[in-house]
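**Student:** To start, I am sharing the structure in question, which I have written as structure tokens.
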Amino acid sequence: MDLNDTPEQAAYREKVRAWLEANKLQAPPRSGSSEDGAYIASRRAWQRRLAEAGLAGVTWPREYGGQGLGPIEQVTVNQEISRADVPGILDVIGIGMLGPCLIAHGTEEQKSRYLGPMLHGDEVWCQLFSEPGAGSDLAAVQTRALRNGDRGWMLSGQKVWTTNAQFASFGLLLARTDPDVPKHKGLTMFIVPMDADGVSVRGLRQISGEAEFNEVFLDNVPLDEDAVVGGVGNGWATALTVLMFERLTIGFGSENFGSPARLSELIASDRAARQDAEVRRRLGHVITELLAVRFNGYRALTMLARGQIPGTEAGLAKVTMVNSAVVATDLAADVIGPEALDADSDWSYLISFLPGLKSAGGTEQILRNTIGERVLGLPAEPRLDKGMPFSELRAKEREAVAP
Amino acid sequence: MNFALSDEQVLLREAARGALSRHKTVEAAREALEDPRALPDLWPLAVEAGWPGLLIGEEHGGAGLDAFDALLVAEECGRVLAAVPLLGLLPATAILDAAGDSSLGAVAAGDLRPAYVPARPPSELEQGWTVQPRSGFARAEAPHASVEGAEVVLEGEVAFVPDAPGASLLVAIGEDRDGSPVAAAVSADAPGLSVDAVTRYDSTRSLGHVAFASARGRLLGVGADVLADAWYLAHALIAAESLGGVQTCLDVSVAYAKERFTFGRAIGSYQSIKHELTEILRQLENARGLQYYAGWARQSAPDEFPLAASAARSAAGHALDSAARSMINIHGGIGATWEHDAPLFFRRAQLSRRLLGGTEDATDRVAEQSLLAAAPA
């Protein structure tokens, strides 16, 4: 058991810290509105500086512009960025999830065309997976890609929950190419230029009033043949790669939401709250959970560093993290009173943000299903879609809800 | 960064599991419900395995291992409800070792069995060292101690002391006139000492009310930090033991959910059951992460040990309570009868959560340590 850096890791940390110390005055504020063009431009420029300093794409292979380092170094960079109180990369989704998918499944042409501009923030990416009718059951996507004569594909449908779509250059999109086979089999992954004809983006306002997510409408969007990633009909396997990296990305960032120190500082500075048994009980419970997330994170990181992939049980850390963040935020607001709900309060932002986070990256219920089946080996719920062609399944669903 | 068991730790855990498996400890726990004398004496097993010397330095004949290793052993005992007196033993050996006491060789060899008489260190809300009362919400004052040369004279009572009956040496903490804690090693046959054995609900847990009527012991020259450490070590141990129990509750319940059918389906395929089981797993994994934290902190970050041990106790205590209840729910009516093992774990949970100040006292310590780190009182 050793939580300390090895001498090599300590040297790396020192190097990262020194660079951040020297450059942090050039950094934009840590948070700003995703609807503010000037702020986004400043974040792109900051990502470029981080990339040039080797602090973006830390785990990407060197041949694609990354540092070829391991998860420990990635976490070191995240910790130091947080310590320096500067923002990290803008395109977490591209660099953390979509880039690694291109590296795993893309053609050499795709890798050389897209990865460099992604890494440097010149081209931001978005993830076009979820749909109004396909969330937990992602393989039920209905966005259709039809053969467009002999010149590629034609795309139609709607995507939702698309972070960064309003300023993204490209999206990685999961579409149905064959409705006459069972649903997991008829899918294909595409690269979609967000400025293509027929793509329109509309902000989706959340509880806070901000529109961090978007709806993306696809109306006969023409795509070239080389837009396919990972092969026609192989979209599910390609999507699973993205989802695996999504779990890792969420895992590395998991301490950002429920900072035990911030909550403790708030309560410590309020004399009446500090001595109230009920406040202390609530604080003790939530700190216990947040500490468990932190130390289980170290366990997962140890596995990663040894080349093992943390199993689906990592999803439990997400459940604990989100629920504890909700509890922590509620407690803070109870101590502060109505003033916590002022629009400018950080707590107010979290109060609005967290209910939606429960569904992000898989709802708690679907995570518990998956963990129950994969980790505990419990039998799956009987399902009606197994082995049935997607088109027939849709017909049956429509029949079931017909008046 | 290395936050995983070493090969030696895996071996230690396997050895403990193997040694315990030669005794029918769960069956014994059931028989002891009707006849407490049915419990096998597992002290010879503990001695053979070297557990009395786990935390005693090699120069005193011990194994010189870390709390981390001791917690792995406690976890294995908890998994099978084995009545090994670790909870009384190990914090006592930690104090004796810090004091360099003359008894260490005999303790490490298993010839003497010490028991720790718990005293809770002061907190922001409650000044002074306190002990478990026989009944009621208010904590009792620690025994009064007066130092006479190399001896301490103790006056007072501590209720519900784990593993006190049959112990040959009690490692007790009293407060002197200035309110400073004083530790003493009191021989079981010292005049003025009485240990009144009691059983409450969990027949596998040996408890005693310990009374000192001008009882004399050997002064143990250790500071308040060592005595606070013993309190938190006891918390970490009861947490590890509880975690082992949670693991059994989960394993047994999962197996049943796969083989019990209703409406043509295994009950484990229903989300209601599946989600209840994943909740046990979630709490188990959280408790395990905190057990590692506690084990690591005592060795490598002692300032964090009070926080880590309290968090481990809080998490594991709640986990065992809810896992035992879930085990009963998932098994249906049979889970609430003596036909099943579930009541044994439920009884363990109900008593454990009320010992050593109680699980919620540990939760309060988590808050207190976090508040102190944020801003000193």
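So you can find residues: chains in the structure tokens are A, B, ... in the order shown, residues in each start at 1, and ligands are numbered from 1 in order.
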Specify as number ranges by chain all residues of chain A found within 8 Å of chain B, counting only C-alpha atoms.
**Tutor:** A: 1-6, 72, 261, 264-265, 267-269, 274-275, 277, 280-281, 283-285, 287-289, 291-293, 295-296, 298-299, 301-302, 316-317, 320, 365, 368-369, 371-372, 376, 378-382
**Student:** Please provide as an MDAnalysis selection string all residues within 12 Å of Glu31 in chain B, with the sequence filter that same-chain residues fewer than 3 positions apart are discarded (counting only C-alpha atoms).
**Tutor:** chainID B and resid 24:28 34:40 202:204 338:339 341 344
**Student:** Please produce an output containing N, CA, C and O atoms for each residue in the selection, written as a JSON list (two decimals), in the first residue's frame.
**Tutor:**
```json
[["chain", "number", "residue", "atom", "x", "y", "z"],
["B", 24, "LYS", "N", -16.40, -25.28, 12.74],
["B", 24, "LYS", "CA", -17.75, -24.96, 12.27],
["B", 24, "LYS", "C", -18.28, -23.77, 13.06],
["B", 24, "LYS", "O", -19.12, -23.92, 13.94],
["B", 25, "THR", "N", -17.76, -22.59, 12.74],
["B", 25, "THR", "CA", -18.04, -21.43, 13.59],
["B", 25, "THR", "C", -19.48, -20.94, 13.45],
["B", 25, "THR", "O", -20.07, -20.49, 14.43],
["B", 26, "VAL", "N", -20.04, -21.01, 12.25],
["B", 26, "VAL", "CA", -21.41, -20.53, 12.09],
["B", 26, "VAL", "C", -22.38, -21.48, 12.80],
["B", 26, "VAL", "O", -23.30, -21.04, 13.50],
["B", 27, "GLU", "N", -22.14, -22.79, 12.66],
["B", 27, "GLU", "CA", -22.98, -23.77, 13.37],
["B", 27, "GLU", "C", -22.86, -23.55, 14.88],
["B", 27, "GLU", "O", -23.84, -23.63, 15.62],
["B", 28, "ALA", "N", -21.62, -23.25, 15.30],
["B", 28, "ALA", "CA", -21.40, -23.02, 16.74],
["B", 28, "ALA", "C", -22.16, -21.80, 17.22],
["B", 28, "ALA", "O", -22.72, -21.78, 18.32],
["B", 34, "GLU", "N", -28.65, -21.18, 22.24],
["B", 34, "GLU", "CA", -29.32, -21.87, 23.34],
["B", 34, "GLU", "C", -28.38, -22.17, 24.49],
["B", 34, "GLU", "O", -28.81, -22.24, 25.64],
["B", 35, "ASP", "N", -27.10, -22.37, 24.15],
["B", 35, "ASP", "CA", -26.14, -22.72, 25.19],
["B", 35, "ASP", "C", -24.80, -22.03, 24.90],
["B", 35, "ASP", "O", -24.02, -22.50, 24.08],
["B", 36, "PRO", "N", -24.55, -20.91, 25.57],
["B", 36, "PRO", "CA", -23.33, -20.14, 25.29],
["B", 36, "PRO", "C", -22.05, -20.97, 25.45],
["B", 36, "PRO", "O", -21.04, -20.65, 24.84],
["B", 37, "ARG", "N", -22.15, -22.04, 26.23],
["B", 37, "ARG", "CA", -20.93, -22.85, 26.43],
["B", 37, "ARG", "C", -20.59, -23.69, 25.20],
["B", 37, "ARG", "O", -19.56, -24.30, 25.13],
["B", 38, "ALA", "N", -21.51, -23.70, 24.22],
["B", 38, "ALA", "CA", -21.27, -24.48, 23.01],
["B", 38, "ALA", "C", -20.22, -23.85, 22.10],
["B", 38, "ALA", "O", -19.76, -24.46, 21.16],
["B", 39, "LEU", "N", -19.87, -22.58, 22.39],
["B", 39, "LEU", "CA", -18.87, -21.93, 21.53],
["B", 39, "LEU", "C", -17.52, -22.60, 21.69],
["B", 39, "LEU", "O", -17.07, -22.82, 22.82],
["B", 40, "PRO", "N", -16.86, -22.92, 20.60],
["B", 40, "PRO", "CA", -15.52, -23.52, 20.73],
["B", 40, "PRO", "C", -14.53, -22.46, 21.19],
["B", 40, "PRO", "O", -14.72, -21.27, 20.93],
["B", 202, "ASP", "N", -26.07, -11.30, 20.79],
["B", 202, "ASP", "CA", -25.14, -11.99, 19.89],
["B", 202, "ASP", "C", -24.28, -12.89, 20.75],
["B", 202, "ASP", "O", -23.37, -12.42, 21.42],
["B", 203, "SER", "N", -24.59, -14.19, 20.70],
["B", 203, "SER", "CA", -23.91, -15.09, 21.63],
["B", 203, "SER", "C", -22.45, -15.31, 21.25],
["B", 203, "SER", "O", -21.70, -15.90, 22.02],
["B", 204, "THR", "N", -22.03, -14.85, 20.07],
["B", 204, "THR", "CA", -20.63, -15.04, 19.70],
["B", 204, "THR", "C", -19.74, -13.93, 20.25],
["B", 204, "THR", "O", -18.53, -13.97, 20.09],
["B", 338, "TRP", "N", -34.88, -19.37, 12.97],
["B", 338, "TRP", "CA", -33.63, -20.03, 13.35],
["B", 338, "TRP", "C", -33.24, -21.13, 12.36],
["B", 338, "TRP", "O", -32.18, -21.73, 12.48],
["B", 339, "GLU", "N", -34.13, -21.43, 11.40],
["B", 339, "GLU", "CA", -33.75, -22.40, 10.37],
["B", 339, "GLU", "C", -32.62, -21.86, 9.50],
["B", 339, "GLU", "O", -31.94, -22.60, 8.82],
["B", 341, "ASP", "N", -29.30, -18.90, 8.64],
["B", 341, "ASP", "CA", -28.19, -18.18, 9.28],
["B", 341, "ASP", "C", -28.44, -16.68, 9.41],
["B", 341, "ASP", "O", -27.73, -16.00, 10.17],
["B", 344, "LEU", "N", -28.37, -14.88, 12.70],
["B", 344, "LEU", "CA", -27.07, -14.81, 13.39],
["B", 344, "LEU", "C", -26.34, -13.53, 13.00],
["B", 344, "LEU", "O", -25.72, -12.85, 13.83]]
```
**Student:** May I have the residues within 9 Å of Asn234 in chain A as a ChimeraX atom specification, using only C-alpha atoms and disregarding those fewer than 2 positions away in the same chain?
**Tutor:** /A:184-189,229-232,236-239
**Student:** Take the residues from that selection and put them in a file with N, CA and C atoms, as a PDB file, in the first residue's frame.
**Tutor:**
```
ATOM      1  N   HIS A 184     -28.894  -4.905 -32.137  1.00  0.00           N
ATOM      2  CA  HIS A 184     -27.471  -4.624 -31.926  1.00  0.00           C
ATOM      3  C   HIS A 184     -26.658  -4.828 -33.205  1.00  0.00           C
ATOM      4  N   LYS A 185     -27.247  -5.563 -34.168  1.00  0.00           N
ATOM      5  CA  LYS A 185     -26.440  -5.943 -35.334  1.00  0.00           C
ATOM      6  C   LYS A 185     -26.517  -4.950 -36.471  1.00  0.00           C
ATOM      7  N   GLY A 186     -27.604  -4.174 -36.537  1.00  0.00           N
ATOM      8  CA  GLY A 186     -27.787  -3.325 -37.713  1.00  0.00           C
ATOM      9  C   GLY A 186     -27.281  -1.906 -37.548  1.00  0.00           C
ATOM     10  N   LEU A 187     -26.251  -1.716 -36.689  1.00  0.00           N
ATOM     11  CA  LEU A 187     -25.796  -0.347 -36.384  1.00  0.00           C
ATOM     12  C   LEU A 187     -24.427  -0.053 -37.004  1.00  0.00           C
ATOM     13  N   THR A 188     -24.215   1.225 -37.309  1.00  0.00           N
ATOM     14  CA  THR A 188     -22.929   1.646 -37.874  1.00  0.00           C
ATOM     15  C   THR A 188     -22.567   3.005 -37.275  1.00  0.00           C
ATOM     16  N   MET A 189     -21.255   3.219 -37.061  1.00  0.00           N
ATOM     17  CA  MET A 189     -20.774   4.492 -36.507  1.00  0.00           C
ATOM     18  C   MET A 189     -20.272   5.383 -37.629  1.00  0.00           C
ATOM     19  N   VAL A 229     -16.911   4.594 -39.354  1.00  0.00           N
ATOM     20  CA  VAL A 229     -15.836   4.225 -38.426  1.00  0.00           C
ATOM     21  C   VAL A 229     -16.065   2.793 -37.945  1.00  0.00           C
ATOM     22  N   GLY A 230     -15.066   1.956 -38.125  1.00  0.00           N
ATOM     23  CA  GLY A 230     -15.124   0.613 -37.555  1.00  0.00           C
ATOM     24  C   GLY A 230     -15.949  -0.388 -38.350  1.00  0.00           C
ATOM     25  N   GLY A 231     -16.373  -0.021 -39.540  1.00  0.00           N
ATOM     26  CA  GLY A 231     -17.044  -0.989 -40.401  1.00  0.00           C
ATOM     27  C   GLY A 231     -18.556  -0.929 -40.317  1.00  0.00           C
ATOM     28  N   VAL A 232     -19.191  -1.147 -41.464  1.00  0.00           N
ATOM     29  CA  VAL A 232     -20.662  -1.149 -41.534  1.00  0.00           C
ATOM     30  C   VAL A 232     -21.203  -2.351 -40.762  1.00  0.00           C
ATOM     31  N   TRP A 236     -22.218  -1.310 -32.855  1.00  0.00           N
ATOM     32  CA  TRP A 236     -22.399  -1.565 -31.423  1.00  0.00           C
ATOM     33  C   TRP A 236     -21.059  -1.766 -30.732  1.00  0.00           C
ATOM     34  N   ALA A 237     -20.188  -2.567 -31.372  1.00  0.00           N
ATOM     35  CA  ALA A 237     -18.864  -2.799 -30.776  1.00  0.00           C
ATOM     36  C   ALA A 237     -18.105  -1.478 -30.694  1.00  0.00           C
ATOM     37  N   THR A 238     -18.237  -0.644 -31.718  1.00  0.00           N
ATOM     38  CA  THR A 238     -17.546   0.648 -31.724  1.00  0.00           C
ATOM     39  C   THR A 238     -18.098   1.532 -30.600  1.00  0.00           C
ATOM     40  N   ALA A 239     -19.428   1.491 -30.427  1.00  0.00           N
ATOM     41  CA  ALA A 239     -20.050   2.288 -29.359  1.00  0.00           C
ATOM     42  C   ALA A 239     -19.586   1.809 -27.983  1.00  0.00           C
TER      43      ALA A 239
END
```
**Student:** Can you measure CA of Pro182 in chain A to CA of Leu393 in chain A for me? One decimal in Å is fine.
**Tutor:**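 Separation of CA of Pro182 in chain A and CA of Leu393 in chain A: 8.7 Å.
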**Student:** Quick one: pick out all strand (DSSP E or B) residues within range 190-345 of chain A from a backbone DSSP run and write them as a list in words.
**Tutor:**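 Residues meeting the strand (DSSP E or B) criterion: Phe190, Ile191, Val192, Pro193, Val199, Ser200, Val201, Arg202, Gly203, Leu204, Phe213, Asn214, Glu215, Val216, Phe217, Leu218, Asp219, Asn220, Val221, Pro222, Leu223, Val228 and Val229 of chain A.
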**Student:** Considering only C-alpha atoms, can you say which of B:Gln9, B:Ser21, B:Ser352, B:Ser123 comes closest to Ala240 in chain B?
**Tutor:**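 Checking each candidate against Ala240 in chain B, we get B:Ser352 as the closest.
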